[in-house]
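Peer 1: One structure, pasted below without further comment.
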Amino acid sequence: MQVEVILFGQLTDIARGGKILIGDVADTDELVKAIEQQYPAMAGVKYIIAADKKVISTNTPINEKTELALLPPFSGG
Amino acid sequence: MKIDNNIYERYSRQLILKGFGETAQQKLLQAKVLVVGAGGLGCACLQYLVAAGVGTVGIMDDDKVALHNLHRQVLYTVNDIGLSKAERAAAVLRQLNPAINIKAFNERLAVGNAISLFAEYDIIIDGTDNFSSRYMINDACVLTGKPLIYGAVSKFEGQVAIFNCSINAGEQPVNYRDLFPQPPTADEVDNCAEAGVLGVLPGIIGTMQANETIKLLTGIGTGLVNRLITFNALNNQLYELQLTPQKETRNLIPADFAAFEKTDYDWLCGISGSGVEINTDVFDSLRKQAAVVVIDVREYDEKPVVDEFAHLRIPLAKLVNEFTNTEKDIIILFCQTGKRSAAAAASLEAVFGDTKKIFSLAGGILNWKRKQSA
């Protein structure tokens with residue numbers, strides 16, 4: 001199973017694109033682990049996880065249909 | 001020319017709009033809106049608010065115009081370099097619409113002036129460029145019950161939302177901390193000055209903030225209440241996020257005005273402060289937060305016993321081996337006098353690096369207990 005993750009802000013610089021595919025993850029904790037393994041620089045970036053356009057704050061099961069996004073906070077004005 | 005008599009002509013193109021008309025115009029003319037930050041977002045937002053006829057517009061910024069501002073801060077010219085942004089913006093905007101009341105505040109938003117100033121306005125607009133101000137504005141809006149029109153940009157992307165505003169009466173409103181509970185540390189986000197921003201982007205996002213403000217004031221359309229929109233200027237993609245109140249959020253916001261005025265937002269955002277040591281006031285406001293774990297690093301038999309607040313007990317000698325992981329973002333250590341906890345903080349920093357904020361209670365638990373009984 002692969003999930004698609006939409007990236008924002010500086011995460012797109014690290015991944016060199018606005019979307020990444022991550023395989024074999026059943027929940028958001030595994031997702032973060034897999035992403036940080038593939039893109040170690042993302043471990044040092046603050047971001048929130050959205051599943052199906054809702055912010056999640058605890059570990060959440062995901063499947064290939066879950067729309068995932070990682071959003072860092074912006075401060076610029 | 002007598003300006004006052006030209007109200008119908010000035011606003012005629014929006015007065016003839018079905019669903020807007022005189023009723024909506026009246027609401028705008030009676031409204032008071034405060035724009036914090038007269039930078040890229042503020043310049044765009046202010047122009048449309050003033051043009052649309054918002055009756056009282058406050059502009060707060062302690063910064064001065066610089067040449068590198070001009071690619072995005074479109075109210076200013078080269079003749080303004082070195083002058084107050086708030087005052088220059090006010091002067092330009094008074095020429096655009098002399099019939100409304102424009103107030104310039106050439107001062108920095110601070111915990112000491114935010115509450116009394118916000119209380120005088122109906123809506124607060126965040127056009128600032130740093131997390132310290134953003135969290136301060138959010139918390140002050142929650143405490144004063146003011147809707148917050150949020151906008152922020154980075155490089156080619158922007159975010160817009162309305163916070164602290166309920167769709168239905170009695171509903172708990174969403175605020176910025178429901179989205180991003182804790183400020184990031186300086187190294188966890190791109191520094192704006194280093195990261196850069198496409199000049200037109202804050203123009204777009206600031207204009208969206210003006211649109212949301214006008215809709216909220218007049219009651220037309222559907223606002224971004226409980227919704228965050230991100231806009232990518234490179235590919236025009238919009239992404240919308242549904243926001244819901246989070247249980248932990250209220251614990252992150254100062255309990256009342258007095259606690260707010262004691263909060264050091266620069267320090268919370270890692271901008272100022274002397275290393276890892278925190279005083280008893282900061283300790284007391286921090287330890288109540290959900291994202292914090294407090295650890296007593298004294299030996300198990302040491303007195304005084306601490307039963308005033310929840311904490312873990314891990315003696316210094318065992319700390320690095322036993323405390324290897326935590327879900328919390330902030331770790332606060334204390335001991336008898338503050339010496340061992342400072343050493344413990346240094347050891348834990350070596351373990352966690354920049355992933356956690358680690359602090360030591362200055363003066364230790366003896367000093368804290370003394371303050372409690374004083």
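Every chain in the structure tokens has a letter given in the order shown (A, B, ...), and although residue numbers restart at 1 in each chain, ligands are simply numbered from 1 in the order shown.
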So that I can see what lies close to Gln2 in chain A, please list as a PyMOL selection string the residues with an atom at most 8 Å from it, counting only C-alpha atoms and leaving out residues fewer than 6 positions away in the same chain.
Peer 2: chain A and resi 21-25+64
Peer 1: What parts of chain A does DSSP call helix (DSSP H, G or I)? I'd like the answer as a list in words.
Peer 2: Gln10, Leu11, Thr12, Asp13, Ile14, Ala15, Thr28, Asp29, Glu30, Leu31, Val32, Lys33, Ala34, Ile35, Glu36, Gln37, Gln38, Pro40, Ala41, Met42, Ala43 and Gly44 of chain A
Peer 1: Would you write out those residues with C-alpha atoms, as a PDB file, in the first residue's frame?
Peer 2:
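Saved to out.pdb:
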ATOM      1  CA  GLN A  10      10.083  24.219   3.271  1.00  0.00           C
ATOM      2  CA  LEU A  11       9.104  20.517   3.168  1.00  0.00           C
ATOM      3  CA  THR A  12       8.766  20.878  -0.605  1.00  0.00           C
ATOM      4  CA  ASP A  13      12.387  22.075  -0.739  1.00  0.00           C
ATOM      5  CA  ILE A  14      13.561  19.000   1.157  1.00  0.00           C
ATOM      6  CA  ALA A  15      11.544  16.574  -0.991  1.00  0.00           C
ATOM      7  CA  THR A  28       0.451   8.392  11.000  1.00  0.00           C
ATOM      8  CA  ASP A  29       3.194   7.456  13.485  1.00  0.00           C
ATOM      9  CA  GLU A  30       4.574   4.964  10.964  1.00  0.00           C
ATOM     10  CA  LEU A  31       4.167   7.576   8.266  1.00  0.00           C
ATOM     11  CA  VAL A  32       6.319  10.099  10.134  1.00  0.00           C
ATOM     12  CA  LYS A  33       8.939   7.436  10.816  1.00  0.00           C
ATOM     13  CA  ALA A  34       9.031   6.402   7.147  1.00  0.00           C
ATOM     14  CA  ILE A  35       9.204  10.004   5.943  1.00  0.00           C
ATOM     15  CA  GLU A  36      12.046  10.855   8.295  1.00  0.00           C
ATOM     16  CA  GLN A  37      13.925   7.762   7.163  1.00  0.00           C
ATOM     17  CA  GLN A  38      13.542   8.767   3.536  1.00  0.00           C
ATOM     18  CA  PRO A  40      16.157  12.895   7.331  1.00  0.00           C
ATOM     19  CA  ALA A  41      16.056  16.706   7.054  1.00  0.00           C
ATOM     20  CA  MET A  42      12.306  16.661   7.678  1.00  0.00           C
ATOM     21  CA  ALA A  43      12.926  15.516  11.251  1.00  0.00           C
ATOM     22  CA  GLY A  44      14.201  19.012  12.021  1.00  0.00           C
TER      23      GLY A  44
END
Peer 1: If you run DSSP over the backbone, which residues in range 10-69 of chain A end up strand (DSSP E or B)? Put them as JSON, numbers by chain.
Peer 2: {"A": [19, 20, 21, 22, 23, 27, 48, 49, 50, 51, 54, 55, 56, 61, 68, 69]}
Peer 1: Take the selection from the previous step and output its residues with N, CA and C atoms, as a PDB file, in the first residue's frame.
Peer 2:
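To be explicit, this is the file written out as result.pdb:
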ATOM      1  N   LYS A  19       4.658  16.668  -3.697  1.00  0.00           N
ATOM      2  CA  LYS A  19       3.991  15.417  -3.328  1.00  0.00           C
ATOM      3  C   LYS A  19       5.021  14.310  -3.198  1.00  0.00           C
ATOM      4  N   ILE A  20       4.819  13.430  -2.210  1.00  0.00           N
ATOM      5  CA  ILE A  20       5.672  12.243  -2.111  1.00  0.00           C
ATOM      6  C   ILE A  20       4.792  11.014  -1.920  1.00  0.00           C
ATOM      7  N   LEU A  21       5.324   9.862  -2.317  1.00  0.00           N
ATOM      8  CA  LEU A  21       4.620   8.594  -2.100  1.00  0.00           C
ATOM      9  C   LEU A  21       5.383   7.816  -1.043  1.00  0.00           C
ATOM     10  N   ILE A  22       4.649   7.326  -0.049  1.00  0.00           N
ATOM     11  CA  ILE A  22       5.277   6.561   1.029  1.00  0.00           C
ATOM     12  C   ILE A  22       4.596   5.187   1.090  1.00  0.00           C
ATOM     13  N   GLY A  23       5.397   4.129   1.178  1.00  0.00           N
ATOM     14  CA  GLY A  23       4.848   2.773   1.146  1.00  0.00           C
ATOM     15  C   GLY A  23       4.801   2.121   2.517  1.00  0.00           C
ATOM     16  N   ASP A  27      -0.370   3.719   9.941  1.00  0.00           N
ATOM     17  CA  ASP A  27      -0.889   4.850  10.715  1.00  0.00           C
ATOM     18  C   ASP A  27       0.066   6.041  10.598  1.00  0.00           C
ATOM     19  N   ILE A  48       2.436  20.232  11.020  1.00  0.00           N
ATOM     20  CA  ILE A  48       1.281  19.464  11.495  1.00  0.00           C
ATOM     21  C   ILE A  48       0.870  18.486  10.397  1.00  0.00           C
ATOM     22  N   ILE A  49       0.175  17.431  10.809  1.00  0.00           N
ATOM     23  CA  ILE A  49      -0.293  16.429   9.852  1.00  0.00           C
ATOM     24  C   ILE A  49      -1.796  16.596   9.681  1.00  0.00           C
ATOM     25  N   ALA A  50      -2.229  16.614   8.427  1.00  0.00           N
ATOM     26  CA  ALA A  50      -3.664  16.636   8.148  1.00  0.00           C
ATOM     27  C   ALA A  50      -4.037  15.352   7.425  1.00  0.00           C
ATOM     28  N   ALA A  51      -5.113  14.708   7.872  1.00  0.00           N
ATOM     29  CA  ALA A  51      -5.645  13.524   7.209  1.00  0.00           C
ATOM     30  C   ALA A  51      -7.059  13.858   6.766  1.00  0.00           C
ATOM     31  N   LYS A  54      -8.287  17.305   7.770  1.00  0.00           N
ATOM     32  CA  LYS A  54      -8.493  17.628   9.188  1.00  0.00           C
ATOM     33  C   LYS A  54      -7.176  17.480   9.930  1.00  0.00           C
ATOM     34  N   VAL A  55      -6.914  18.413  10.834  1.00  0.00           N
ATOM     35  CA  VAL A  55      -5.688  18.335  11.624  1.00  0.00           C
ATOM     36  C   VAL A  55      -5.793  17.152  12.581  1.00  0.00           C
ATOM     37  N   ILE A  56      -4.739  16.352  12.670  1.00  0.00           N
ATOM     38  CA  ILE A  56      -4.769  15.256  13.633  1.00  0.00           C
ATOM     39  C   ILE A  56      -3.682  15.474  14.684  1.00  0.00           C
ATOM     40  N   PRO A  61      -5.046   5.805  12.137  1.00  0.00           N
ATOM     41  CA  PRO A  61      -4.897   4.822  11.059  1.00  0.00           C
ATOM     42  C   PRO A  61      -5.089   5.478   9.690  1.00  0.00           C
ATOM     43  N   LEU A  68      -3.382  12.866   2.688  1.00  0.00           N
ATOM     44  CA  LEU A  68      -2.469  13.311   3.738  1.00  0.00           C
ATOM     45  C   LEU A  68      -1.735  14.574   3.326  1.00  0.00           C
ATOM     46  N   ALA A  69      -1.492  15.448   4.289  1.00  0.00           N
ATOM     47  CA  ALA A  69      -0.743  16.669   4.010  1.00  0.00           C
ATOM     48  C   ALA A  69       0.078  17.043   5.235  1.00  0.00           C
TER      49      ALA A  69
END
Peer 1: Calculate how many Å separate CA of Arg250 in chain B from CA of Asp281 in chain B, rounding to one decimal.
Peer 2: 18.7 Å
Peer 1: Nearest residue to chain B out of A:Leu70, A:Val5, A:Val45, A:Ile62, using only C-alpha atoms?
Peer 2: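 Nearest to chain B: A:Val45.
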Peer 1: Name the residues in contact with range 350-365 of chain B at a cut-off of 6 Å, using only C-alpha atoms, excluding same-chain residues fewer than 6 positions from it; report them as a list in words.
Peer 2: Val276, Glu277, Ile278, Asn279, Asp329, Ile330, Ile331, Ile332, Leu333, Phe334, Cys335, Gln336, Thr337, Gly338, Ser341 and Ala342 of chain B
Peer 1: Return as an NGL selection string the residues belonging to chain B that are within 6 Å of chain A, counting only C-alpha atoms.
Peer 2: :B and (40-41 or 127-131 or 152-154 or 188 or 192 or 241-242)
Peer 1: Would you save the residues from that selection as a PDB file, in the first residue's frame, using N, CA and C atoms?
Peer 2:
ATOM      1  N   GLY B  40       4.009  43.673   4.081  1.00  0.00           N
ATOM      2  CA  GLY B  40       3.433  43.198   2.820  1.00  0.00           C
ATOM      3  C   GLY B  40       1.960  42.875   2.935  1.00  0.00           C
ATOM      4  N   LEU B  41       1.581  42.127   3.964  1.00  0.00           N
ATOM      5  CA  LEU B  41       0.166  41.791   4.171  1.00  0.00           C
ATOM      6  C   LEU B  41      -0.635  43.036   4.520  1.00  0.00           C
ATOM      7  N   GLY B 127      -0.943  40.930  10.437  1.00  0.00           N
ATOM      8  CA  GLY B 127      -0.061  41.113   9.288  1.00  0.00           C
ATOM      9  C   GLY B 127       1.386  41.160   9.738  1.00  0.00           C
ATOM     10  N   THR B 128       1.690  40.478  10.838  1.00  0.00           N
ATOM     11  CA  THR B 128       3.044  40.541  11.401  1.00  0.00           C
ATOM     12  C   THR B 128       3.966  39.547  10.698  1.00  0.00           C
ATOM     13  N   ASP B 129       5.232  39.594  11.064  1.00  0.00           N
ATOM     14  CA  ASP B 129       6.214  38.775  10.353  1.00  0.00           C
ATOM     15  C   ASP B 129       7.030  37.886  11.292  1.00  0.00           C
ATOM     16  N   ASN B 130       6.487  37.601  12.491  1.00  0.00           N
ATOM     17  CA  ASN B 130       7.242  36.751  13.411  1.00  0.00           C
ATOM     18  C   ASN B 130       6.284  35.991  14.323  1.00  0.00           C
ATOM     19  N   PHE B 131       6.763  34.837  14.797  1.00  0.00           N
ATOM     20  CA  PHE B 131       5.894  33.966  15.608  1.00  0.00           C
ATOM     21  C   PHE B 131       5.578  34.567  16.966  1.00  0.00           C
ATOM     22  N   ALA B 152      -0.480  34.632   6.581  1.00  0.00           N
ATOM     23  CA  ALA B 152       0.962  34.458   6.721  1.00  0.00           C
ATOM     24  C   ALA B 152       1.527  33.957   5.403  1.00  0.00           C
ATOM     25  N   VAL B 153       2.769  34.331   5.127  1.00  0.00           N
ATOM     26  CA  VAL B 153       3.393  33.927   3.857  1.00  0.00           C
ATOM     27  C   VAL B 153       4.796  33.393   4.094  1.00  0.00           C
ATOM     28  N   SER B 154       5.249  32.574   3.148  1.00  0.00           N
ATOM     29  CA  SER B 154       6.631  32.115   3.123  1.00  0.00           C
ATOM     30  C   SER B 154       6.981  31.755   1.693  1.00  0.00           C
ATOM     31  N   GLU B 188      13.506  25.526  13.519  1.00  0.00           N
ATOM     32  CA  GLU B 188      12.524  24.586  12.971  1.00  0.00           C
ATOM     33  C   GLU B 188      11.747  25.167  11.794  1.00  0.00           C
ATOM     34  N   CYS B 192      12.383  34.192   7.641  1.00  0.00           N
ATOM     35  CA  CYS B 192      11.786  34.913   6.513  1.00  0.00           C
ATOM     36  C   CYS B 192      12.818  35.721   5.743  1.00  0.00           C
ATOM     37  N   LEU B 241      -8.219  23.323   4.705  1.00  0.00           N
ATOM     38  CA  LEU B 241      -8.135  22.475   5.890  1.00  0.00           C
ATOM     39  C   LEU B 241      -9.278  22.835   6.824  1.00  0.00           C
ATOM     40  N   GLN B 242      -9.997  21.814   7.311  1.00  0.00           N
ATOM     41  CA  GLN B 242     -11.058  22.040   8.299  1.00  0.00           C
ATOM     42  C   GLN B 242     -10.433  22.101   9.687  1.00  0.00           C
TER      43      GLN B 242
END
Peer 1: By how many Å are CA of Ala44 in chain B and CA of Lys18 in chain B apart?
Peer 2: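 CA of Ala44 in chain B sits 25.5 Å away from CA of Lys18 in chain B.
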